[in-house]
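Source file run.json; content: JSON, C-alpha atoms.
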[["chain", "number", "residue", "atom", "x", "y", "z"],
["Z", 1, "MET", "CA", 0.00, 0.00, 0.00],
["Z", 2, "ASN", "CA", 1.25, 3.47, -0.87],
["Z", 3, "ILE", "CA", 0.76, 6.61, 1.20],
["Z", 4, "TRP", "CA", -2.57, 7.43, -0.45],
["Z", 5, "ASP", "CA", -3.95, 3.97, 0.23],
["Z", 6, "HIS", "CA", -2.95, 4.33, 3.90],
["Z", 7, "LEU", "CA", -4.62, 7.73, 4.10],
["Z", 8, "GLY", "CA", -7.78, 6.31, 2.51],
["Z", 9, "GLU", "CA", -7.77, 3.45, 5.01],
["Z", 10, "LEU", "CA", -7.27, 5.89, 7.89],
["Z", 11, "ARG", "CA", -10.13, 8.07, 6.63],
["Z", 12, "ARG", "CA", -12.46, 5.07, 6.36],
["Z", 13, "ARG", "CA", -11.72, 3.87, 9.89],
["Z", 14, "LEU", "CA", -12.00, 7.39, 11.36],
["Z", 15, "LEU", "CA", -15.42, 7.74, 9.74],
["Z", 16, "ILE", "CA", -16.51, 4.44, 11.31],
["Z", 17, "CYS", "CA", -15.42, 5.75, 14.73],
["Z", 18, "ILE", "CA", -17.21, 9.07, 14.17],
["Z", 19, "TYR", "CA", -20.44, 7.38, 13.08],
["Z", 20, "CYS", "CA", -20.27, 5.08, 16.11],
["Z", 21, "LEU", "CA", -19.72, 8.03, 18.46],
["Z", 22, "ALA", "CA", -22.61, 9.92, 16.86],
["Z", 23, "ALA", "CA", -24.92, 6.95, 17.32],
["Z", 24, "GLY", "CA", -23.70, 6.48, 20.89],
["Z", 25, "THR", "CA", -24.31, 10.13, 21.67],
["Z", 26, "VAL", "CA", -28.02, 9.60, 21.03],
["Z", 27, "PHE", "CA", -28.11, 7.02, 23.81],
["Z", 28, "GLY", "CA", -25.80, 9.22, 25.90],
["Z", 29, "ALA", "CA", -28.24, 12.12, 25.59],
["Z", 30, "TRP", "CA", -31.05, 9.89, 26.83],
["Z", 31, "ALA", "CA", -28.89, 8.78, 29.78],
["Z", 32, "VAL", "CA", -27.89, 12.32, 30.89],
["Z", 33, "ASN", "CA", -30.53, 12.81, 33.58],
["Z", 34, "PRO", "CA", -30.22, 9.28, 35.07],
["Z", 35, "VAL", "CA", -26.42, 9.64, 35.18],
["Z", 36, "ILE", "CA", -26.59, 13.04, 36.88],
["Z", 37, "ALA", "CA", -29.15, 11.74, 39.37],
["Z", 38, "TRP", "CA", -26.96, 8.74, 40.18],
["Z", 39, "LEU", "CA", -23.74, 10.75, 40.48],
["Z", 40, "ALA", "CA", -25.41, 13.35, 42.71],
["Z", 41, "ARG", "CA", -26.62, 10.82, 45.29],
["Z", 42, "PRO", "CA", -23.54, 11.25, 47.55],
["Z", 43, "VAL", "CA", -24.34, 14.99, 47.87],
["Z", 44, "GLY", "CA", -28.07, 14.66, 48.47],
["Z", 45, "GLY", "CA", -29.13, 14.50, 44.84],
["Z", 46, "GLU", "CA", -28.65, 18.18, 43.99],
["Z", 47, "LEU", "CA", -25.96, 20.06, 42.06],
["Z", 48, "VAL", "CA", -25.86, 23.68, 40.92],
["Z", 49, "PHE", "CA", -24.50, 25.50, 37.87],
["Z", 50, "LEU", "CA", -22.79, 28.85, 38.26],
["Z", 51, "HIS", "CA", -22.65, 29.98, 34.62],
["Z", 52, "PRO", "CA", -25.45, 30.12, 32.04],
["Z", 53, "THR", "CA", -23.76, 27.55, 29.79],
["Z", 54, "GLU", "CA", -22.43, 25.28, 32.53],
["Z", 55, "ALA", "CA", -25.46, 22.99, 32.70],
["Z", 56, "PHE", "CA", -25.48, 22.54, 28.92],
["Z", 57, "ALA", "CA", -21.73, 21.86, 28.85],
["Z", 58, "ALA", "CA", -22.10, 19.29, 31.63],
["Z", 59, "GLN", "CA", -24.88, 17.50, 29.75],
["Z", 60, "VAL", "CA", -22.76, 17.43, 26.59],
["Z", 61, "LYS", "CA", -19.82, 15.99, 28.56],
["Z", 62, "ILE", "CA", -21.98, 13.22, 29.98],
["Z", 63, "ALA", "CA", -23.49, 12.35, 26.60],
["Z", 64, "LEU", "CA", -20.06, 12.24, 24.95],
["Z", 65, "GLY", "CA", -18.57, 10.31, 27.86],
["Z", 66, "VAL", "CA", -21.28, 7.64, 27.72],
["Z", 67, "SER", "CA", -20.89, 7.45, 23.96],
["Z", 68, "PHE", "CA", -17.12, 7.10, 24.27],
["Z", 69, "LEU", "CA", -17.40, 4.23, 26.77],
["Z", 70, "ILE", "CA", -19.91, 2.43, 24.56],
["Z", 71, "CYS", "CA", -17.83, 2.88, 21.41],
["Z", 72, "LEU", "CA", -14.40, 2.32, 22.96],
["Z", 73, "PRO", "CA", -14.23, -1.35, 21.86],
["Z", 74, "VAL", "CA", -15.03, -0.29, 18.29],
["Z", 75, "ILE", "CA", -12.43, 2.50, 18.42],
["Z", 76, "LEU", "CA", -9.77, 0.13, 19.75],
["Z", 77, "PHE", "CA", -10.59, -2.45, 17.09],
["Z", 78, "GLN", "CA", -10.37, 0.12, 14.31],
["Z", 79, "ALA", "CA", -7.02, 1.34, 15.65],
["Z", 80, "TRP", "CA", -5.72, -2.23, 15.83],
["Z", 81, "ALA", "CA", -7.00, -3.05, 12.32],
["Z", 82, "PHE", "CA", -5.26, 0.04, 10.90],
["Z", 83, "VAL", "CA", -1.84, -0.61, 12.45],
["Z", 84, "SER", "CA", -1.95, -4.40, 12.06],
["Z", 85, "SER", "CA", -1.24, -4.21, 8.34],
["Z", 86, "GLY", "CA", 2.28, -2.95, 9.13],
["Z", 87, "LEU", "CA", 3.02, -5.41, 11.94],
["Z", 88, "GLU", "CA", 4.68, -8.80, 11.98],
["Z", 89, "LYS", "CA", 2.85, -11.96, 13.01],
["Z", 90, "LYS", "CA", 4.18, -11.94, 16.60],
["Z", 91, "GLU", "CA", 3.32, -8.27, 17.04],
["Z", 92, "LYS", "CA", -0.21, -8.88, 15.73],
["Z", 93, "HIS", "CA", -0.65, -11.77, 18.15],
["Z", 94, "TYR", "CA", 0.49, -9.62, 21.08],
["Z", 95, "LEU", "CA", -1.83, -6.72, 20.26],
["Z", 96, "LEU", "CA", -4.70, -9.10, 19.55],
["Z", 97, "TRP", "CA", -4.91, -10.04, 23.25],
["Z", 98, "ALA", "CA", -3.24, -6.97, 24.83],
["Z", 99, "VAL", "CA", -5.78, -4.45, 23.50],
["Z", 100, "PRO", "CA", -8.90, -6.24, 24.85],
["Z", 101, "VAL", "CA", -7.18, -6.98, 28.17],
["Z", 102, "SER", "CA", -6.13, -3.34, 28.45],
["Z", 103, "TYR", "CA", -9.74, -2.27, 27.89],
["Z", 104, "VAL", "CA", -11.02, -4.70, 30.55],
["Z", 105, "PHE", "CA", -8.40, -3.53, 33.06],
["Z", 106, "PHE", "CA", -9.22, 0.12, 32.35],
["Z", 107, "MET", "CA", -12.92, -0.49, 32.93],
["Z", 108, "LEU", "CA", -12.16, -2.38, 36.15],
["Z", 109, "GLY", "CA", -10.12, 0.57, 37.41],
["Z", 110, "ALA", "CA", -12.83, 3.05, 36.44],
["Z", 111, "ALA", "CA", -15.47, 0.87, 38.13],
["Z", 112, "PHE", "CA", -13.36, 0.65, 41.29],
["Z", 113, "SER", "CA", -13.09, 4.43, 41.34],
["Z", 114, "THR", "CA", -16.81, 4.91, 40.62],
["Z", 115, "PHE", "CA", -18.27, 2.52, 43.17],
["Z", 116, "VAL", "CA", -15.64, 2.59, 45.95],
["Z", 117, "VAL", "CA", -13.33, 5.62, 45.89],
["Z", 118, "PHE", "CA", -15.53, 8.39, 44.53],
["Z", 119, "PRO", "CA", -18.46, 8.08, 47.00],
["Z", 120, "LYS", "CA", -16.08, 7.91, 49.97],
["Z", 121, "ALA", "CA", -14.03, 10.84, 48.67],
["Z", 122, "VAL", "CA", -17.12, 13.02, 48.28],
["Z", 123, "ALA", "CA", -18.48, 11.98, 51.68],
["Z", 124, "PHE", "CA", -15.20, 12.92, 53.36],
["Z", 125, "LEU", "CA", -14.86, 16.24, 51.55],
["Z", 126, "LEU", "CA", -18.36, 17.21, 52.64],
["Z", 127, "THR", "CA", -17.34, 16.72, 56.27],
["Z", 128, "LEU", "CA", -15.08, 19.77, 55.89],
["Z", 129, "ARG", "CA", -18.10, 22.06, 56.03],
["Z", 130, "SER", "CA", -18.29, 24.42, 58.97],
["Z", 131, "GLN", "CA", -20.23, 27.42, 60.19],
["Z", 132, "HIS", "CA", -18.37, 29.63, 57.73],
["Z", 133, "LEU", "CA", -17.89, 27.05, 54.95],
["Z", 134, "GLN", "CA", -20.94, 25.58, 53.25],
["Z", 135, "PRO", "CA", -20.71, 23.34, 50.17],
["Z", 136, "MET", "CA", -22.22, 24.50, 46.88],
["Z", 137, "LEU", "CA", -21.01, 22.01, 44.31],
["Z", 138, "SER", "CA", -21.19, 23.03, 40.68],
["Z", 139, "VAL", "CA", -22.01, 20.28, 38.21],
["Z", 140, "GLU", "CA", -18.96, 21.02, 36.03],
["Z", 141, "SER", "CA", -16.36, 20.78, 38.81],
["Z", 142, "TYR", "CA", -18.14, 17.73, 40.23],
["Z", 143, "LEU", "CA", -17.98, 15.93, 36.88],
["Z", 144, "ASP", "CA", -14.34, 16.91, 36.40],
["Z", 145, "PHE", "CA", -13.47, 15.43, 39.80],
["Z", 146, "PHE", "CA", -15.34, 12.24, 38.96],
["Z", 147, "GLY", "CA", -13.68, 11.96, 35.56],
["Z", 148, "LEU", "CA", -10.15, 12.56, 36.85],
["Z", 149, "LEU", "CA", -10.53, 9.86, 39.51],
["Z", 150, "GLY", "CA", -11.88, 7.40, 36.94],
["Z", 151, "LEU", "CA", -9.01, 8.09, 34.53],
["Z", 152, "ALA", "CA", -6.41, 7.85, 37.30],
["Z", 153, "PHE", "CA", -7.59, 4.42, 38.44],
["Z", 154, "GLY", "CA", -8.14, 3.25, 34.88],
["Z", 155, "PHE", "CA", -4.48, 3.98, 34.12],
["Z", 156, "LEU", "CA", -3.36, 2.49, 37.46],
["Z", 157, "PHE", "CA", -4.91, -0.82, 36.45],
["Z", 158, "GLN", "CA", -2.68, -0.87, 33.35],
["Z", 159, "LEU", "CA", 0.31, -1.67, 35.60],
["Z", 160, "PRO", "CA", 0.39, -5.43, 34.83],
["Z", 161, "LEU", "CA", 0.36, -4.83, 31.09],
["Z", 162, "VAL", "CA", 3.08, -2.18, 31.30],
["Z", 163, "LEU", "CA", 5.38, -4.44, 33.32],
["Z", 164, "HIS", "CA", 4.60, -7.37, 31.03],
["Z", 165, "PHE", "CA", 5.60, -5.27, 28.01],
["Z", 166, "LEU", "CA", 8.85, -4.27, 29.73],
["Z", 167, "ALA", "CA", 9.57, -7.95, 30.32],
["Z", 168, "LYS", "CA", 8.74, -8.77, 26.71],
["Z", 169, "VAL", "CA", 11.31, -6.30, 25.40],
["Z", 170, "GLY", "CA", 13.91, -7.59, 27.88],
["Z", 171, "VAL", "CA", 14.03, -4.63, 30.26],
["Z", 172, "LEU", "CA", 12.50, -6.33, 33.32],
["Z", 173, "ARG", "CA", 12.71, -9.75, 34.96],
["Z", 174, "ALA", "CA", 10.44, -11.42, 37.51],
["Z", 175, "ASP", "CA", 13.36, -12.12, 39.86],
["Z", 176, "PHE", "CA", 13.98, -8.40, 40.28],
["Z", 177, "LEU", "CA", 10.34, -7.75, 41.19],
["Z", 178, "ALA", "CA", 10.18, -10.73, 43.57],
["Z", 179, "GLN", "CA", 13.42, -9.81, 45.35],
["Z", 180, "ASN", "CA", 12.14, -6.28, 45.94],
["Z", 181, "ARG", "CA", 8.62, -7.35, 46.96],
["Z", 182, "ARG", "CA", 8.85, -5.99, 50.53],
["Z", 183, "VAL", "CA", 10.17, -2.65, 49.37],
["Z", 184, "SER", "CA", 7.46, -2.49, 46.74],
["Z", 185, "TYR", "CA", 4.75, -3.20, 49.32],
["Z", 186, "LEU", "CA", 6.08, -0.42, 51.55],
["Z", 187, "VAL", "CA", 6.15, 2.01, 48.64],
["Z", 188, "ILE", "CA", 2.59, 1.00, 47.69],
["Z", 189, "PHE", "CA", 1.27, 1.67, 51.20],
["Z", 190, "VAL", "CA", 3.08, 5.03, 51.36],
["Z", 191, "ILE", "CA", 1.68, 6.08, 47.98],
["Z", 192, "ALA", "CA", -1.82, 4.91, 48.98],
["Z", 193, "THR", "CA", -1.56, 7.04, 52.12],
["Z", 194, "ILE", "CA", -0.26, 10.15, 50.37],
["Z", 195, "PHE", "CA", -2.37, 10.16, 47.23],
["Z", 196, "ASN", "CA", -5.56, 8.66, 48.58],
["Z", 197, "PRO", "CA", -8.27, 11.36, 48.22],
["Z", 198, "VAL", "CA", -9.99, 10.04, 51.34],
["Z", 199, "PRO", "CA", -7.72, 9.99, 54.43],
["Z", 200, "GLU", "CA", -9.56, 7.02, 55.92],
["Z", 201, "VAL", "CA", -7.98, 3.70, 56.87],
["Z", 202, "PHE", "CA", -10.45, 1.37, 55.16],
["Z", 203, "THR", "CA", -10.17, 3.12, 51.79],
["Z", 204, "GLN", "CA", -6.38, 3.25, 52.08],
["Z", 205, "LEU", "CA", -6.32, -0.51, 52.68],
["Z", 206, "LEU", "CA", -8.57, -1.07, 49.66],
["Z", 207, "LEU", "CA", -6.30, 1.01, 47.44],
["Z", 208, "ALA", "CA", -3.16, -0.66, 48.78],
["Z", 209, "CYS", "CA", -4.64, -4.16, 48.39],
["Z", 210, "ALA", "CA", -5.75, -3.40, 44.84],
["Z", 211, "ALA", "CA", -2.26, -2.10, 43.96],
["Z", 212, "ILE", "CA", -0.61, -5.14, 45.60],
["Z", 213, "ALA", "CA", -2.90, -7.50, 43.69],
["Z", 214, "LEU", "CA", -1.95, -5.74, 40.45],
["Z", 215, "PHE", "CA", 1.72, -5.96, 41.43],
["Z", 216, "GLU", "CA", 1.48, -9.71, 42.09],
["Z", 217, "LEU", "CA", -0.36, -10.19, 38.80],
["Z", 218, "SER", "CA", 2.46, -8.26, 37.13],
["Z", 219, "ILE", "CA", 5.06, -10.63, 38.64],
["Z", 220, "PHE", "CA", 3.08, -13.61, 37.33],
["Z", 221, "LEU", "CA", 2.84, -12.18, 33.82],
["Z", 222, "VAL", "CA", 6.50, -11.16, 33.80],
["Z", 223, "ARG", "CA", 7.53, -14.66, 34.96],
["Z", 224, "LEU", "CA", 5.49, -16.25, 32.17],
["Z", 225, "GLU", "CA", 7.05, -13.95, 29.62],
["Z", 226, "THR", "CA", 10.65, -14.42, 30.75],
["Z", 227, "ARG", "CA", 10.27, -18.23, 30.74],
["Z", 228, "LYS", "CA", 9.49, -18.25, 27.04],
["Z", 229, "PRO", "CA", 12.39, -19.30, 24.79],
["Z", 230, "ARG", "CA", 13.75, -16.37, 22.84]]

Here is the file; what I need is its structure written in the form of structure tokens.
Amino acid sequence: MNIWDHLGELRRRLLICIYCLAAGTVFGAWAVNPVIAWLARPVGGELVFLHPTEAFAAQVKIALGVSFLICLPVILFQAWAFVSSGLEKKEKHYLLWAVPVSYVFFMLGAAFSTFVVFPKAVAFLLTLRSQHLQPMLSVESYLDFFGLLGLAFGFLFQLPLVLHFLAKVGVLRADFLAQNRRVSYLVIFVIATIFNPVPEVFTQLLLACAAIALFELSIFLVRLETRKPR
């Protein structure tokens, strides 16, 4: 394929992604009010908007976000199909399972943030109210906080795949991770304490246990990879 054929292929796959997002936005628009009602439950079911366009912008964000989550498998498949034509057989095989697993891990991290971390974080932050400080949460900042937490945990759950890739290219070995397991656990607990949005012991233990489980899964994947004959 020459450069023009590649550009035509890229255009075709981008159009498929755009059409899918447009169709998903229709469902996302229908889901706006239920999503807002569900997200606002930790704060009593009510949010405010401080600018005339803020409510509209928040609804657009929710509709596009729902559409993106629905269409993400299609987008990932189109990206894989476009780059696979220039890959070798081994590289195709790796991406064929790595891309779906990465999507599943990302959704697991986002779900962990949505159902465990986010409600506890909001509940704790609301306890900071006082006689002179009363909460008035705008829908835009509330959604931004929710989205950032979801992205952060979605990327955190990519740790096993990242370490597995480093092992595949020969940068990392399972023995190194296993020998430094105690140090890694200590670092994980320190990071969970410092960066946990909710300074509460139970949530810190959940975060630390989730990170440790990902770390142990990473050791297992790295050990499988390094045992393969090269």

Legend entry - Spatial neighbours of stretch 55-72 of chain Z, max dist 6 Å, all atoms listed in the file, sep filter under 2 positions, as a ChimeraX atom specification: /Z:21,24-25,28-29,49,53,74-75,140

Env of Z:Arg173: 12 Å cut, atoms = all atoms listed in the file, seq-sep filter 6 positions within chain, self excluded. Answer as a VMD selection string.
chain Z and resid 163 to 167 179 to 180 218 to 227

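Atom CA of Z:Phe106 lies 19.1 Å from atom CA of Z:Pro119.
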
Atom pair atom CA of Z:Ser141 + atom CA of Z:Val35, distance 15.4 Å

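Counting only C-alpha atoms and comparing Z:Val83, Z:Phe105, Z:His6, Z:Leu137, the residue that lies closest to Z:Phe157 is Z:Phe105.
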
Neighbour list for Z:Leu151 as a CSV table (one decimal) with C-alpha atoms, in the frame of the given file, cut-off 12 Å, all atoms listed in the file, skip fewer than 2 positions in-chain:
chain,number,residue,atom,x,y,z
Z,65,GLY,CA,-18.6,10.3,27.9
Z,105,PHE,CA,-8.4,-3.5,33.1
Z,106,PHE,CA,-9.2,0.1,32.4
Z,107,MET,CA,-12.9,-0.5,32.9
Z,108,LEU,CA,-12.2,-2.4,36.2
Z,109,GLY,CA,-10.1,0.6,37.4
Z,110,ALA,CA,-12.8,3.0,36.4
Z,111,ALA,CA,-15.5,0.9,38.1
Z,112,PHE,CA,-13.4,0.6,41.3
Z,113,SER,CA,-13.1,4.4,41.3
Z,114,THR,CA,-16.8,4.9,40.6
Z,118,PHE,CA,-15.5,8.4,44.5
Z,144,ASP,CA,-14.3,16.9,36.4
Z,145,PHE,CA,-13.5,15.4,39.8
Z,146,PHE,CA,-15.3,12.2,39.0
Z,147,GLY,CA,-13.7,12.0,35.6
Z,148,LEU,CA,-10.2,12.6,36.8
Z,149,LEU,CA,-10.5,9.9,39.5
Z,153,PHE,CA,-7.6,4.4,38.4
Z,154,GLY,CA,-8.1,3.2,34.9
Z,155,PHE,CA,-4.5,4.0,34.1
Z,156,LEU,CA,-3.4,2.5,37.5
Z,157,PHE,CA,-4.9,-0.8,36.4
Z,158,GLN,CA,-2.7,-0.9,33.4

May I have the residues within 12 Å of stretch 90-94 of chain Z as a compact mmCIF listing (two decimals) with C-alpha atoms, in the coordinates of the input, using all atoms listed in the file and disregarding those fewer than 2 positions away in the same chain?
# COMPACT_ATOMS: atom_id res chain seq x y z
CA TRP Z 80 -5.72 -2.23 15.83
CA ALA Z 81 -7.00 -3.05 12.32
CA PHE Z 82 -5.26 0.04 10.90
CA VAL Z 83 -1.84 -0.61 12.45
CA SER Z 84 -1.95 -4.40 12.06
CA SER Z 85 -1.24 -4.21 8.34
CA GLY Z 86 2.28 -2.95 9.13
CA LEU Z 87 3.02 -5.41 11.94
CA GLU Z 88 4.68 -8.80 11.98
CA LEU Z 96 -4.70 -9.10 19.55
CA TRP Z 97 -4.91 -10.04 23.25
CA ALA Z 98 -3.24 -6.97 24.83
CA VAL Z 99 -5.78 -4.45 23.50
CA PRO Z 100 -8.90 -6.24 24.85
CA VAL Z 101 -7.18 -6.98 28.17
CA SER Z 102 -6.13 -3.34 28.45
CA LEU Z 161 0.36 -4.83 31.09
CA HIS Z 164 4.60 -7.37 31.03
CA PHE Z 165 5.60 -5.27 28.01
CA LYS Z 168 8.74 -8.77 26.71
CA VAL Z 169 11.31 -6.30 25.40
CA GLU Z 225 7.05 -13.95 29.62

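If you look at atom CA of Z:Phe77 and atom CA of Z:Arg11, they are 14.8 Å away from each other.
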
Would you compute an axis-aligned box for stretch 187-190 of chain Z, covering every atom listed for it in the file with 3 Å of margin on each side, and report centre and edge lengths in Å to one decimal as JSON?
{"center_x": 3.7, "center_y": 3.0, "center_z": 49.5, "size_x": 10.9, "size_y": 10.0, "size_z": 9.7}

Closest of Z:Asp175, Z:Met136, Z:Cys20, Z:Phe124 to Z:Glu46, counting only C-alpha atoms, is Z:Met136

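Excluding Z:Ala79 and any residue on its chain fewer than 6 positions from it, the residues at most 10 Å away by all atoms listed in the file are Leu10, Arg13, Leu14, Cys17, Pro73 and Val99 of chain Z.
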
Judged by only C-alpha atoms, the minimum distance to Z:Val48 among Z:Ala213, Z:Leu207, Z:Leu143, Z:Ile188 is found for Z:Leu143
